[in-house]
Amino acid sequence: MNSATDPTGADATLQLDDVLAARERIRPVLRATPVIESYTLSDLVGAEIYLKLENLQRTGSFKPRGAYVHLTRRREQGERGGVVCASAGNHAQGVAFAARLLGMEATVVMPHNSPLTKIERCRGYGAQVVLEGENLEEALAHARTIQAREGLGFVHPFADPWVIAGQGSVGLELLEELPEVSTVVVPVGGGGLLAGMLVAIKSQRPQIRVIGVQAESASTMVRSWRAGRPLPAERPRTIADGIKVAEVHPLPFSILQRYVDDMVTVPEGEIVRAMVVLLERSRVVVEGAGAAGVAALLAGRIPNRGPKTCVVLSGGNIDTNLIAHAIERGLTADGRYLCLRTRVADRPGQLNRILLLLTELKVNILEIRHHREGWEIPVGDVGVELLLETRNQAHSHEVVDRLSAAGYPITTAIPP
């Protein structure tokens with residue numbers, strides 16, 4: 001493998017021996033995360049589904065694996081200076097954590113909209129945090145400026161063979177923990193985790209299917225893989241900030257082209273639903289990126305799974321406020337929250353009639369609002385907005401149908 005100080009060239013090669021060596025480097029400081037069977041997901045999908053819990057790794061994601069390998073390689077080359085990186089949060093935490101272990105100074109550049117939890121944890125690991133840019137690409141550009149100005153080493157989040165080799169240790173552990181696995185599903189942002197796992201798995205067990213998953217609204221890598229060449233960057237928008245990457249770098253992309261069996265995308269609603277299912281049914285807290293693989297399974301996007309499928313839950317670093325928002329959105333997408341708008345006559349007792357009907361339908365009323373003004377509300381009527389808790393999608397549709405049949409016009413209903 002290329003041993004240059006800044007090893008980001010597309011001609012750098014990565015072999016199984018590199019991943020094996022990386023695994024030995026991290027063994028003393030990072031845990032081998034468990035693989036567990038999810039009986040809930042197995043029942044929902046109709047196959048044996050296992051979860052590789054990288055959300056339980058130190059710093060809450062897989063990222064310290066590659067960061068620690070990179071920094072130890074720099075140390076062996078005689079470098080004693082600081083390093084700089086750019087990240088939406090997880091890579092930044094990995095670099096900050098690894099730098100603290102090795103007594104190195106770290107500067108992390110993060111976009112302004114990075115989750116507060118990730119920002120504060122980076123500071124807690126002793127890193128200097130610089131907030132710059134509206135996305136990862138702008139943060140990367142600013143980190144390069146700092147690198148040149150201050151003479152720091154640069155730790156790229158995914159276009160780095162040392163980093164990729166470290167991430168590949170996830171694949172080595174998976175083969176040891178679940179040797180009979182038939183399909184592996186991996187979230188994809190810049191592709192570093194998937195590339196490392198592909199080298200680890202395909203070099204030993206080429207018959208195992210490995211599938212990458214991106215959010216539909218941040219899917220440059222998937223589109224590039226399907227096109228057979230890196231496509232121009234897009235402006236990604238997704239709740240899964242850990243995989244909200246626009247850039248397709250030649251190094252991980254070349255590995256994906258060589259090894260990956262399939263690449264799929266999932267919509268935002270399915271990602272949020274997967275977060276809620278994991279939290280409610282499996283008692284596992286993951287961020288949007290970590291839930292992408294489960295979302296693909298639940299949405300039926302993973303064909304030809306085989307008897308045993310393992311999904312990598314890549315991270316669990318999510319703001320508490322976002323958890324509450326995700327739960328509400330997830331329950332809505334799952335048909336258990338129903339938001340609707342209707343109207344009733346502005347006369348005494350009319351609101352009580354609609355409430356009695358909802359009681360008959362065994363609906364829990366979470367919130368109710370009146371609107372007497374507005375261009376869409378006829379004179380003599382009152383607008384009513386309701387947030388209802390229902391059992392499932394079928395129950396939600398029953399509520400909408402019964403209200404409509406009773407003469408209450410439904411002007412907004414989620415789900416429709």
# chains A, B, ... in the order shown; residues from 1 in each chain; ligands from 1

$ residues_around --residues "stretch 259-271 of chain A" --least-positions-apart "3" --cutoff "8 Å" --atoms "only C-alpha atoms" --output "PyMOL selection string"
chain A and resi 198-199+202+209-217+219+222+225+238-240+255-256+274-275+288+291-292+294-296+298-299+301-302+329-330+333

$ residues_around --residues "A:Ala96" --least-positions-apart "5" --cutoff "6 Å" --atoms "only C-alpha atoms" --output "ChimeraX atom specification"
/A:106,122,125,127

$ write_last_selection --atoms "C-alpha atoms" --output "mmCIF file, in the first residue's frame"
data_model
loop_
_atom_site.group_PDB
_atom_site.id
_atom_site.type_symbol
_atom_site.label_atom_id
_atom_site.label_comp_id
_atom_site.auth_asym_id
_atom_site.auth_seq_id
_atom_site.Cartn_x
_atom_site.Cartn_y
_atom_site.Cartn_z
ATOM 1 C CA ALA A 106 -5.997 17.722 16.445
ATOM 2 C CA CYS A 122 -14.949 16.571 19.779
ATOM 3 C CA TYR A 125 -11.681 14.741 23.410
ATOM 4 C CA ALA A 127 -9.649 18.803 19.743
#

$ closest_residue --among "A:Gly151, A:Gly94, A:Gly89, A:Pro250" --to "A:Arg58" --atoms "only C-alpha atoms"
A:Gly94

$ residues_around --residues "stretch 40-44 of chain A" --least-positions-apart "6" --cutoff "9 Å" --atoms "only C-alpha atoms" --output "compact mmCIF listing (two decimals) with C-alpha atoms, in the first residue's frame"
# COMPACT_ATOMS: atom_id res chain seq x y z
CA TYR A 50 -28.22 -9.84 12.30
CA VAL A 277 -38.16 0.34 14.75
CA LEU A 278 -34.64 -0.17 16.11
CA ARG A 281 -38.40 -3.01 19.04
CA SER A 282 -34.68 -3.69 19.55
CA VAL A 294 -32.16 -1.57 8.11
CA LEU A 297 -34.35 -4.17 4.35
CA LEU A 298 -37.69 -2.93 5.66

$ residues_around --residues "stretch 349-363 of chain A" --least-positions-apart "3" --cutoff "12 Å" --atoms "only C-alpha atoms" --output "ChimeraX atom specification"
/A:336-338,342-346,366-370,380-392,395-409

$ residues_around --residues "A:Asn113" --least-positions-apart "3" --cutoff "9 Å" --atoms "only C-alpha atoms" --output "mmCIF file with C-alpha atoms, in the first residue's frame"
data_model
loop_
_atom_site.group_PDB
_atom_site.id
_atom_site.type_symbol
_atom_site.label_atom_id
_atom_site.label_comp_id
_atom_site.auth_asym_id
_atom_site.auth_seq_id
_atom_site.Cartn_x
_atom_site.Cartn_y
_atom_site.Cartn_z
ATOM 1 C CA ALA A 88 -19.903 16.267 9.869
ATOM 2 C CA MET A 110 -17.129 20.832 10.889
ATOM 3 C CA LEU A 116 -24.314 19.874 18.681
ATOM 4 C CA LEU A 131 -17.072 25.556 12.351
ATOM 5 C CA GLY A 133 -19.024 25.844 5.625
ATOM 6 C CA GLU A 134 -22.537 24.675 4.935
ATOM 7 C CA ASN A 135 -21.597 21.124 3.968
#

$ closest_residue --among "A:Gly46, A:Pro307, A:Pro206, A:Pro64" --to "A:Arg31" --atoms "only C-alpha atoms"
A:Pro64

$ residues_around --residues "A:Leu56" --least-positions-apart "3" --cutoff "8 Å" --atoms "only C-alpha atoms" --output "PyMOL selection string"
chain A and resi 33+53+60-61+315-316

$ closest_residue --among "A:Leu331, A:Ile318, A:Leu71, A:Val29" --to "A:Lys118" --atoms "only C-alpha atoms"
A:Ile318

$ select_by_dssp --residues "stretch 292-396 of chain A" --states "helix (DSSP H, G or I)" --output "mmCIF file with N, CA and C atoms, in the first residue's frame"
data_model
loop_
_atom_site.group_PDB
_atom_site.id
_atom_site.type_symbol
_atom_site.label_atom_id
_atom_site.label_comp_id
_atom_site.auth_asym_id
_atom_site.auth_seq_id
_atom_site.Cartn_x
_atom_site.Cartn_y
_atom_site.Cartn_z
ATOM 1 N N ALA A 292 -29.595 3.244 7.865
ATOM 2 C CA ALA A 292 -29.857 3.171 6.423
ATOM 3 C C ALA A 292 -29.983 1.735 5.937
ATOM 4 N N GLY A 293 -29.124 0.844 6.421
ATOM 5 C CA GLY A 293 -29.187 -0.546 5.983
ATOM 6 C C GLY A 293 -30.459 -1.233 6.405
ATOM 7 N N VAL A 294 -30.896 -1.001 7.632
ATOM 8 C CA VAL A 294 -32.157 -1.568 8.111
ATOM 9 C C VAL A 294 -33.318 -0.989 7.307
ATOM 10 N N ALA A 295 -33.246 0.300 6.988
ATOM 11 C CA ALA A 295 -34.291 0.918 6.174
ATOM 12 C C ALA A 295 -34.421 0.218 4.827
ATOM 13 N N ALA A 296 -33.286 -0.117 4.217
ATOM 14 C CA ALA A 296 -33.320 -0.801 2.929
ATOM 15 C C ALA A 296 -33.976 -2.171 3.050
ATOM 16 N N LEU A 297 -33.708 -2.876 4.136
ATOM 17 C CA LEU A 297 -34.346 -4.173 4.354
ATOM 18 C C LEU A 297 -35.851 -4.033 4.516
ATOM 19 N N LEU A 298 -36.271 -3.105 5.387
ATOM 20 C CA LEU A 298 -37.694 -2.933 5.656
ATOM 21 C C LEU A 298 -38.451 -2.462 4.417
ATOM 22 N N THR A 320 -30.340 14.439 21.233
ATOM 23 C CA THR A 320 -31.569 14.077 21.937
ATOM 24 C C THR A 320 -32.786 14.729 21.300
ATOM 25 N N ASN A 321 -32.657 15.994 20.911
ATOM 26 C CA ASN A 321 -33.781 16.683 20.279
ATOM 27 C C ASN A 321 -34.170 16.020 18.961
ATOM 28 N N LEU A 322 -33.166 15.545 18.219
ATOM 29 C CA LEU A 322 -33.444 14.899 16.949
ATOM 30 C C LEU A 322 -34.122 13.550 17.157
ATOM 31 N N ILE A 323 -33.806 12.874 18.268
ATOM 32 C CA ILE A 323 -34.479 11.609 18.564
ATOM 33 C C ILE A 323 -35.986 11.831 18.666
ATOM 34 N N ALA A 324 -36.375 12.872 19.408
ATOM 35 C CA ALA A 324 -37.804 13.156 19.565
ATOM 36 C C ALA A 324 -38.446 13.467 18.220
ATOM 37 N N HIS A 325 -37.751 14.256 17.399
ATOM 38 C CA HIS A 325 -38.274 14.596 16.076
ATOM 39 C C HIS A 325 -38.374 13.352 15.204
ATOM 40 N N ALA A 326 -37.345 12.501 15.268
ATOM 41 C CA ALA A 326 -37.346 11.283 14.459
ATOM 42 C C ALA A 326 -38.463 10.344 14.883
ATOM 43 N N ILE A 327 -38.704 10.246 16.183
ATOM 44 C CA ILE A 327 -39.783 9.377 16.658
ATOM 45 C C ILE A 327 -41.121 9.848 16.107
ATOM 46 N N GLU A 328 -41.361 11.155 16.166
ATOM 47 C CA GLU A 328 -42.634 11.677 15.662
ATOM 48 C C GLU A 328 -42.782 11.418 14.168
ATOM 49 N N ARG A 329 -41.718 11.682 13.400
ATOM 50 C CA ARG A 329 -41.772 11.441 11.963
ATOM 51 C C ARG A 329 -41.895 9.954 11.650
ATOM 52 N N GLY A 330 -41.173 9.145 12.419
ATOM 53 C CA GLY A 330 -41.221 7.711 12.184
ATOM 54 C C GLY A 330 -42.587 7.117 12.470
ATOM 55 N N LEU A 331 -43.192 7.551 13.555
ATOM 56 C CA LEU A 331 -44.527 7.061 13.879
ATOM 57 C C LEU A 331 -45.549 7.521 12.845
ATOM 58 N N THR A 332 -45.352 8.727 12.313
ATOM 59 C CA THR A 332 -46.235 9.210 11.260
ATOM 60 C C THR A 332 -46.081 8.364 10.005
ATOM 61 N N ALA A 333 -44.825 8.101 9.622
ATOM 62 C CA ALA A 333 -44.580 7.283 8.437
ATOM 63 C C ALA A 333 -45.099 5.864 8.616
ATOM 64 N N GLN A 350 -70.558 21.290 18.198
ATOM 65 C CA GLN A 350 -70.086 20.672 16.956
ATOM 66 C C GLN A 350 -68.718 19.999 17.126
ATOM 67 N N LEU A 351 -67.858 20.645 17.888
ATOM 68 C CA LEU A 351 -66.544 20.028 18.127
ATOM 69 C C LEU A 351 -66.695 18.738 18.918
ATOM 70 N N ASN A 352 -67.643 18.736 19.860
ATOM 71 C CA ASN A 352 -67.846 17.533 20.666
ATOM 72 C C ASN A 352 -68.277 16.346 19.808
ATOM 73 N N ARG A 353 -69.009 16.612 18.732
ATOM 74 C CA ARG A 353 -69.446 15.524 17.856
ATOM 75 C C ARG A 353 -68.269 14.814 17.203
ATOM 76 N N ILE A 354 -67.294 15.607 16.732
ATOM 77 C CA ILE A 354 -66.143 14.977 16.090
ATOM 78 C C ILE A 354 -65.278 14.239 17.122
ATOM 79 N N LEU A 355 -65.248 14.786 18.350
ATOM 80 C CA LEU A 355 -64.479 14.113 19.406
ATOM 81 C C LEU A 355 -65.131 12.798 19.804
ATOM 82 N N LEU A 356 -66.458 12.761 19.837
ATOM 83 C CA LEU A 356 -67.151 11.509 20.143
ATOM 84 C C LEU A 356 -66.902 10.459 19.061
ATOM 85 N N LEU A 357 -66.856 10.895 17.804
ATOM 86 C CA LEU A 357 -66.581 9.961 16.719
ATOM 87 C C LEU A 357 -65.167 9.395 16.847
ATOM 88 N N LEU A 358 -64.213 10.254 17.190
ATOM 89 C CA LEU A 358 -62.831 9.785 17.359
ATOM 90 C C LEU A 358 -62.721 8.834 18.552
ATOM 91 N N THR A 359 -63.509 9.095 19.595
ATOM 92 C CA THR A 359 -63.533 8.182 20.747
ATOM 93 C C THR A 359 -64.076 6.825 20.337
ATOM 94 N N GLU A 360 -65.127 6.840 19.530
ATOM 95 C CA GLU A 360 -65.696 5.587 19.032
ATOM 96 C C GLU A 360 -64.674 4.800 18.218
ATOM 97 N N GLN A 393 -51.354 1.868 9.788
ATOM 98 C CA GLN A 393 -51.803 2.540 8.570
ATOM 99 C C GLN A 393 -53.284 2.293 8.298
ATOM 100 N N ALA A 394 -53.716 1.043 8.478
ATOM 101 C CA ALA A 394 -55.116 0.713 8.207
ATOM 102 C C ALA A 394 -56.058 1.494 9.114
ATOM 103 N N HIS A 395 -55.672 1.627 10.393
ATOM 104 C CA HIS A 395 -56.488 2.388 11.330
ATOM 105 C C HIS A 395 -56.544 3.853 10.925
ATOM 106 N N SER A 396 -55.406 4.410 10.473
ATOM 107 C CA SER A 396 -55.386 5.805 10.032
ATOM 108 C C SER A 396 -56.335 6.025 8.860
#

$ residues_around --residues "A:Pro232" --least-positions-apart "2" --cutoff "10 Å" --atoms "only C-alpha atoms" --output "ChimeraX atom specification"
/A:220,224,229-230,234,246-248

$ write_last_selection --atoms "C-alpha atoms" --output "compact mmCIF listing (two decimals), in the first residue's frame"
# COMPACT_ATOMS: atom_id res chain seq x y z
CA THR A 220 -23.98 10.44 -5.73
CA SER A 224 -21.82 6.95 -10.06
CA ARG A 229 -17.75 6.56 -13.47
CA PRO A 230 -17.64 9.28 -10.80
CA GLU A 234 -24.69 17.06 -5.91
CA ALA A 246 -21.47 14.66 -2.29
CA GLU A 247 -17.92 13.79 -3.36
CA VAL A 248 -17.03 10.53 -5.13

$ atom_distance --atom1 "atom CA of A:His91" --atom2 "atom CA of A:Glu79"
20.8 Å

$ atom_distance --atom1 "atom CA of A:Asp319" --atom2 "atom CA of A:Gln128"
20.6 Å

$ closest_residue --among "A:Ile49, A:Arg65, A:Cys339, A:Arg74" --to "A:Ile365" --atoms "only C-alpha atoms"
A:Cys339
